[in-house]
Structures are given as C-alpha cells and as structure tokens.
Amino acid sequence: MWVWVGVILCIFLAGAVVAVRVVIDRAQPILRARVIETLSNRFQSRVELASLDVSVMRGLEVSGSGLKIYGDIDPNPYEPGVQPLISLREFHFHTGIRNLFRPTVKIDTVYLKGMELNIPPKQDRRQFTNKMRSQTRKMSVIVSQFVCEDTNLLINTLNPDKPPLEFAISNLKMKDIGPGLPLRFDATLVNPKPVGDIQSTGLFGPWHEDNPRDTAVQGEYSFSNADLGTLKGIGGILSSTGKYEGTLSNIVVDGTTDTPDFRIARSGHAVPLHTEFHAIVDGTNGDTHLKPVKATLMHSSFTARGSVMRVRGRPGHDIELDVDVDHAQIEDLLKLGVRTEPPVMNGPVQMRTKLSLPPGEEDVADRLKLAGTFHVFEGHFSNQKVQDRLDAVSVRTSGKLKEKKKDAQEDVPVDLGGVFTLENGLLSFSLLHFLIPGTHVDMAGVYSLDGRTFDFRGTARLDAKLSQMTTGWKSILLKPVDPFFSKNGAGTEVPVRIVGTESEPHFGLDFGHKDEHKTFERDFDSAGKR
C-alpha cells in the first residue's frame, strides 16, 4: 500500500511541476505581450523590452530589463542618436496568478530602477502630450503605486549647445495615479552642488496637456547635511526647510536655511549664517527670482533681492543681487571675509552693493564681484597700537596738544565711508572718507582680502595749523610756514599716504619723492608715538 501511495504522490508532484512549467511558459509571452500592448497603446509608439522573467513560486512575480519607449521625435537633441522618451533599466512587481487571465491586470506596486524621462523641447511638447492621450484605447494593466530608484528627469531645449535641465531623483514614490487626479509623491532628490539630499512630499498635477507649464504643484521639502565645501571657495554644512506651491513655471517657495559654520576659504573663519527667503522658481528651466532673502550673520542682518539664472552655453548659474546692509557690525563682515584675527575694526556699518557671481569652477572669492557704497559709524581699531596713534594724531590735529595728555584721553571714534568695487579678491576704493576729530582725509586706493596689500593716497585736512601741532621752539619755527599749508579753510592741508598691511598700517605724508616721503612718514609716525 505504501508503495502505491508513494507512486501516486510522485505522479502528482510530476504533474504539478509540469503544470507550473506550462503556466510559466504561457505566462511569460502573455504578460510580455500585455506590457508591450499597454505601453504601445498609451504612447502610440514603438516599445522595446529586452527581457521579461516570470516566477510562480509565491504568486506571480515578474521582473524585466531594458524597457524603452520611443516617440515620433528625438526628445533630446543634445545627445547623439535617437533617444527614447522613457527608458528603464530594471523593474519588477508581484500579483496573483488569476489576475493574469482577467481583461484588466491590476497591480498594487511596481518597483522601478534606473528610469530616465526625456521631456521634449517646448515646441514639441504638444505632440508629446497628444501621444500620452489614450481615451480611445483601453488600458489592460493598472498600477496603484510606483516606487522608483535612481530616476533622472531631463527637460530639453531645441538648442544643441544648451544642455538639458537635469534633476536626479534617488528615490520616488508615486500613488493615486489616475486620469484627472493630482499625483501624490514622496521623493528624495540629489542636489549636485552643494552635494546633499532633498526630501520632498506633495502633489503634482493633474497634468496640463495643452500647456505643461501650467501644471499645479505643491508640497514641502527638507534639505539637510549639504556640504558647501563642494563649491570651491566656501565651506560649511547647510540645512534648509520650506514649502512651495504654484504651477510648474511659477513655483512660490518660502523657506529658511541654517549654516552654523559658514566660511569663506580665503579667511577661514567659521560664522553662523541664518536666512529666510521668498522666491519664485521656474521649474522648467531652474531660473529663480529672490524676493527677498533676509539673512543674519552673527550680530548683523541684511537683505538681498535678485535672480539666479542659467547661462547659455555654460554649466551653472549666474547670480545677480542687490544687497542692503542696514543693521550690521563691521567686525562681523571683516571676520567673514578677511583672514586677520581679530578684525581690524569694530563699529556699526551700513552698505549698499550690487553682487555678481558668474558661473565657473574658480574659487568663489575670485569670481565674486561687488560694487557699492559703505559707511562705518563711530568705529574703533581693534589694534590698540593703531588706535593710540590715531588718538595722538587727533589731539595734535585738533590743536589741543596743550590741553590734553595722552594718558588722560579716550579712544577717538572713526567715521569711515566711501565707494568701492571688489574683483579678483582686491578691494578698490575710488573714494574713501576717513574722519576723526581734527582730521578729515579723502583718498583712494586698494586693499586685498588677504591683508597683504594696503595702499591709499589722498589729502588730509587738519583743523590745527602746523605750529599748533607741536610745542616749544618747534612751534615758534613753524609759524612762518603756516600760511603755505593753510588751504581751503583748513588749518593745514597736506598729501598723505597709508601703506603696509591690515594689522600694521603706516601713516605718512606723500610729496611724491621717496626720500622725502620716508622722512615725513618717519616724523609723522614718531609724532603719533610721542
């Protein structure tokens, strides 16, 4: 009896194996035909599918590779050859075996890997959307959710010299997929510069077929651990959160950023930077208009308005901003941009400047351009040696040498302002006002951000006459020459020069002759020391 039972079981097992083999053999061509038929109906175009594998060990498991869907046009003229509208490296899904033999196959989740979407240039998108209409064709496969890994979205133009706008999406979940409904998504986008992942959830659509730019979009995002060091010349770890809504061509974004260790490589000083921004983004080309950005840098705040635009024929974006600095401390700005520690001066400052940062691979400090005006109120030099010299000069040039002693005087405030430009790491001042009690200097010159170049020339107008800036027999000897230096209502007017480094500037008279200049500079410095 047991022998017969064993024989019968073997027959059943052999029959099951044969049945499974038959199902698999029948399922693969049927399902492959269903997939190609569905996609061909959807896009009304040629579809290629390199491989399709089926397993029935746990229901119906299907995997495939090399899927390409073409259109009547080449969507990407930037690349050689004809590019597919959609290409897919791998996919797989699971469903019940009985679904295979129903008129419409319903699948809960399809997993995709290595998908690339090629959106045609604007002029060809109407034809593309017409291809996607399928009212006259019945869908034979319905999917509730797509889970995508390593997705690449390309928005193309007809200009073969202009690369497509590219979005790398490392993870993407899409659900509630249906005609006339917004698409719910949960995505992780890879930001190339600064390098970091952007997490975003929201709604997209329904797709506006006549004008895709009018397709609605809304959601929230978070951007964390973005390494600013991938942008040459700056550093720090940035995080940002915000929300957005609007249409694909007019996305309104409100958000904040925090960089606790923001720094410019040339100075090397890490400072906290916080911003709040309101921006308008064109999602079809990446152009952004900032309206405005409110920033806080240490104890200083400023606002910026402008644009971040793509540049034809060059990778990257051109940044053009109008920056207003109303509530700031000069020491905060100097600490950010200058290597010298501590900053050479402290005090409140106001500034208006136009900022330009063209695209390129060079250091940010070398590409940055500024042009504007500034005004420091009641500033003081942090180097006490320098401040003491100014205090002494103020006493002498005010004509109060006999009234005050150096050990009894207070630090005099410095009023500093002018017109400047910054290019290639060099600050150029076409006009610079320097004012302390008793002394008013107008000059022009250059100053490098590394603190190694400090060279200014101009004219000093002093309240006191030459004879009033000294005592004793020297004062008596200088009285006859007072009229030669008393000009334009000033007690004394002389040409001056400031040279040296940021931490060790030297003040002196400048009459255009080296030997004469050295003598007067030595006398001027020694007067300050005395």
# chains A, B, ... in the order shown; residues from 1 in each chain; ligands from 1
$ select_by_dssp --residues "range 181-276 of chain A" --states "strand (DSSP E or B)" --output "PyMOL selection string"
chain A and resi 183-191+195-204+216-227+234-235+237-247+250-264+271-276
$ closest_residue --among "A:Thr95, A:Thr109, A:Thr501, A:Ser87" --to "Asp150 in chain A" --atoms "only C-alpha atoms"
A:Ser87
$ closest_residue --among "A:His375, A:Lys173, A:Lys487, A:Arg305" --to "His327 in chain A" --atoms "only C-alpha atoms"
A:His375
